[in-house]
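Presented below is the structure to which this report refers.
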There are 2 protein chains.
Amino acid sequence: MTGTSGAAQGRTAARRKRVPRQEREQQIIDVAVRVFAKRGYHAASVDEIAELAGISKPMVYLYLDSKEGLFLACLRREAERLVSAFQEAARGAGAAPELRLYAGLSAFFAFVAEHRDSWVVLHRQASELSEAIATAVAEARRAVMAEVAGLVRDGISDSGRGSRLGAEDADFVAHALVGAADSLTDWMERNPGQAPEGIALRLMNMVWVGMRDVLDGKAWLPEG
Amino acid sequence: MTGTSGAAQGRTAARRKRVPRQEREQQIIDVAVRVFAKRGYHAASVDEIAELAGISKPMVYLYLDSKEGLFLACLRREAERLVSAFQEAARGAGAAPELRLYAGLSAFFAFVAEHRDSWVVLHRQASELSEAIATAVAEARRAVMAEVAGLVRDGISDSGRGSRLGAEDADFVAHALVGAADSLTDWMERNPGQAPEGIALRLMNMVWVGMRDVLDGKAWLPEG
DNA sequence: CGGTAAGCTTACTGATTGGTAAGGTTACGG
DNA sequence: CCGTAACCTTACCAATCAGTAAGCTTACCG
């Protein structure tokens, strides 16, 4: 009967319900992605994330170990979602590498449009941070890059245009493609209302057609 | 004659010479770029920068105002260098947009290869930070983007292939190009010994040739 | 109806570090 | 030779957070 006993949760408008760990973890990560995207890793405080998640800080530490652990969890979950979106789209688009690439790119742009915060977290929070985090980001990017490089390689050999381009070149094209897609997310933000498929199509036209022509010997040369 | 008077600078191996403000500022910025590139903005401490610059912390604050001011100074100087390198190369390459673009890209890759720290600072320290800094980074990128978009536009109209591609498309291509170049800096790191001109040439072939073909109506279409 | 464990909290500490106050010293013009 | 301003220092403050200790409360199970 102490005057203020139980005030902790008794008075708060909605008496916070107890929630099983797994569910709570996802809630925390949901909030954390938003906050990290908005403020950036360092400016984001665990206190704020805890409060927005409707719990107290020690819970975050109990479940996610540390701020870095929390960020890592965000990273892993969102990276997994993005990579899956790409892979599933590509896989579901038949056998032709060109079409698979196109489908993957479309899925990518759609994902970014829909999950802006996820993309921000994955995109511009890479350096700056600890080894483990940098590694995780690099790994996600590497996965996408490998996927794309594979499609490019298949596209090259499929087209019967021989092996004038080797693995190194497929890698080069993959880097260029992934980088272009990265950057086009900015363009997308400035040109709203563009369908992801439209963006993917333009990109395919720019890159793929050029690559095919190079394979056919129609190279561009300075002074040429 | 107090026993330890003057110990501050008397005992240090090399009695630190006095240096005029302008020169000292550049020294500080030199060091800061290295440290920011190595540690990232937040992990870098002003103390460390001061020490490596061979002076004490208050000097940094006297000359550069704040940590943010220091970073901003780094950013501005390095951005100016990079943009200049691109512009001068492009300007010195005659009138043809293709050649100017090629020269600009070559200069870009050469710059990144030579000034790795500058590039790291410019590249992956953008978000996370204050409004002013984000603005400065965005501005630098915008400058490059505008330059490239201009070249693309010129290239389109020069080729006489009409105006099937408008300003929006030039912007699209510019974003893709700049993003591809960004990302190819990673490729460059993993494939050392590649000449900047070689990288630029491959990129031109991928993108420019494709763009030209699209202008000629050789579009790629899914299922096509 | 206990009792035990999962869920949750308040209230702290410890360290790091951006930033500053106060004052010493050397160069240099008059 | 002297004063003044530019150059530079030591020593400190204050705030912000990541992370923790200690313990309360509710759900559920036997």
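A note on labels: chains of the structure tokens are A, B, ... as shown, every chain counts residues from 1, and ligands are counted from 1 in their shown order.
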Specify as a VMD selection string all residues of chain C found within 12 Å of chain B, counting only C-alpha atoms (C1' of nucleotides). chain C and resid 16 to 21 24 to 27
Put those residues in a file: N, CA and C atoms (P, O5', C5', C4', C3', O3' and C1' of nucleotides), as a compact mmCIF listing (two decimals), in the first residue's frame.
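Done, and the output landed in again04.txt:
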```
# COMPACT_ATOMS: atom_id res chain seq x y z
P DT C 16 37.98 5.14 -21.29
O5' DT C 16 37.49 5.63 -22.73
C5' DT C 16 36.16 5.35 -23.14
C4' DT C 16 35.50 6.58 -23.71
C3' DT C 16 36.44 7.52 -24.47
O3' DT C 16 35.93 7.64 -25.79
C1' DT C 16 35.00 8.75 -23.03
P DT C 17 36.83 8.23 -26.97
O5' DT C 17 36.42 9.76 -26.95
C5' DT C 17 35.05 10.09 -26.98
C4' DT C 17 34.86 11.57 -26.83
C3' DT C 17 36.03 12.42 -27.36
O3' DT C 17 35.49 13.56 -27.98
C1' DT C 17 35.56 13.05 -25.20
P DG C 18 35.84 13.94 -29.49
O5' DG C 18 35.00 15.30 -29.65
C5' DG C 18 33.59 15.24 -29.69
C4' DG C 18 33.00 16.45 -28.98
C3' DG C 18 33.52 17.79 -29.46
O3' DG C 18 32.43 18.71 -29.52
C1' DG C 18 33.95 17.56 -27.14
P DG C 19 32.59 20.12 -30.23
O5' DG C 19 33.12 21.02 -29.03
C5' DG C 19 32.21 21.27 -27.94
C4' DG C 19 32.93 21.97 -26.83
C3' DG C 19 33.75 23.19 -27.24
O3' DG C 19 33.18 24.33 -26.60
C1' DG C 19 34.90 21.86 -25.66
P DT C 20 33.71 25.80 -26.79
O5' DT C 20 34.48 26.04 -25.42
C5' DT C 20 33.85 25.67 -24.21
C4' DT C 20 34.69 26.13 -23.03
C3' DT C 20 35.39 27.47 -23.19
O3' DT C 20 35.33 28.13 -21.93
C1' DT C 20 36.99 25.83 -22.69
P DA C 21 35.32 29.72 -21.87
O5' DA C 21 36.08 29.99 -20.51
C5' DA C 21 36.00 29.02 -19.45
C4' DA C 21 37.22 29.11 -18.56
C3' DA C 21 37.88 30.49 -18.50
O3' DA C 21 38.36 30.68 -17.17
C1' DA C 21 39.45 28.92 -19.29
P DG C 24 51.34 32.85 -16.63
O5' DG C 24 52.47 32.17 -17.54
C5' DG C 24 52.71 30.77 -17.40
C4' DG C 24 53.26 30.22 -18.71
C3' DG C 24 54.53 30.92 -19.21
O3' DG C 24 55.46 29.95 -19.65
C1' DG C 24 52.88 30.95 -20.90
P DT C 25 56.96 30.39 -19.81
O5' DT C 25 57.07 30.68 -21.38
C5' DT C 25 57.04 29.58 -22.28
C4' DT C 25 57.03 30.11 -23.73
C3' DT C 25 58.22 30.99 -24.11
O3' DT C 25 58.58 30.60 -25.41
C1' DT C 25 56.27 32.03 -24.75
P DT C 26 60.19 30.34 -25.64
O5' DT C 26 60.37 30.96 -27.08
C5' DT C 26 59.64 30.39 -28.15
C4' DT C 26 59.12 31.46 -29.09
C3' DT C 26 60.20 32.36 -29.70
O3' DT C 26 59.95 32.38 -31.08
C1' DT C 26 58.40 33.63 -28.99
P DA C 27 61.15 32.30 -32.09
O5' DA C 27 60.71 33.43 -33.14
C5' DA C 27 59.54 33.22 -33.89
C4' DA C 27 58.87 34.55 -34.16
C3' DA C 27 59.73 35.57 -34.91
O3' DA C 27 59.01 35.95 -36.06
C1' DA C 27 58.67 36.58 -33.05
```
With a distance cut-off of 8 Å and only C-alpha atoms (C1' of nucleotides), select the neighbouring residues of region 177-191 of chain B, excluding the residue or stretch itself and same-chain residues fewer than 3 positions from it, and output the selection as a PyMOL selection string. (chain A and resi 171-172+175-184) or (chain B and resi 105+109+112+145+148+173-174+194+203+207)
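Residues of chain D lying within 10 Å of chain A, counting only C-alpha atoms (C1' of nucleotides), are DT16, DC17, DA18, DG19, DT20, DC24, DT25, DT26 and DA27 of chain D.
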I want to know what sits within 6 Å of Gly104 (chain A), based on only C-alpha atoms (C1' of nucleotides), with residues of the same chain fewer than 4 positions away left out; could you give that as a PyMOL selection string? chain A and resi 86+89-90
Deliver the residues from the most recent selection as a file, using C-alpha atoms, as an mmCIF file, in the first residue's frame.
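Okay, selection-v5.cif is ready:
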```
data_model
loop_
_atom_site.group_PDB
_atom_site.id
_atom_site.type_symbol
_atom_site.label_atom_id
_atom_site.label_comp_id
_atom_site.auth_asym_id
_atom_site.auth_seq_id
_atom_site.Cartn_x
_atom_site.Cartn_y
_atom_site.Cartn_z
ATOM 1 C CA PHE A 86 16.223 -10.426 -55.150
ATOM 2 C CA ALA A 89 12.372 -12.822 -57.962
ATOM 3 C CA ALA A 90 15.283 -13.998 -60.056
#
```
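Here the question is which of A:Glu88, A:Glu168, A:Asp30, A:Glu80 gets nearest to chain B using only C-alpha atoms, and that residue is A:Glu168.
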Pick from B:Pro97, B:Gly54, B:Gly150, B:Gly69, whichever lies nearest to chain A using only C-alpha atoms: B:Pro97
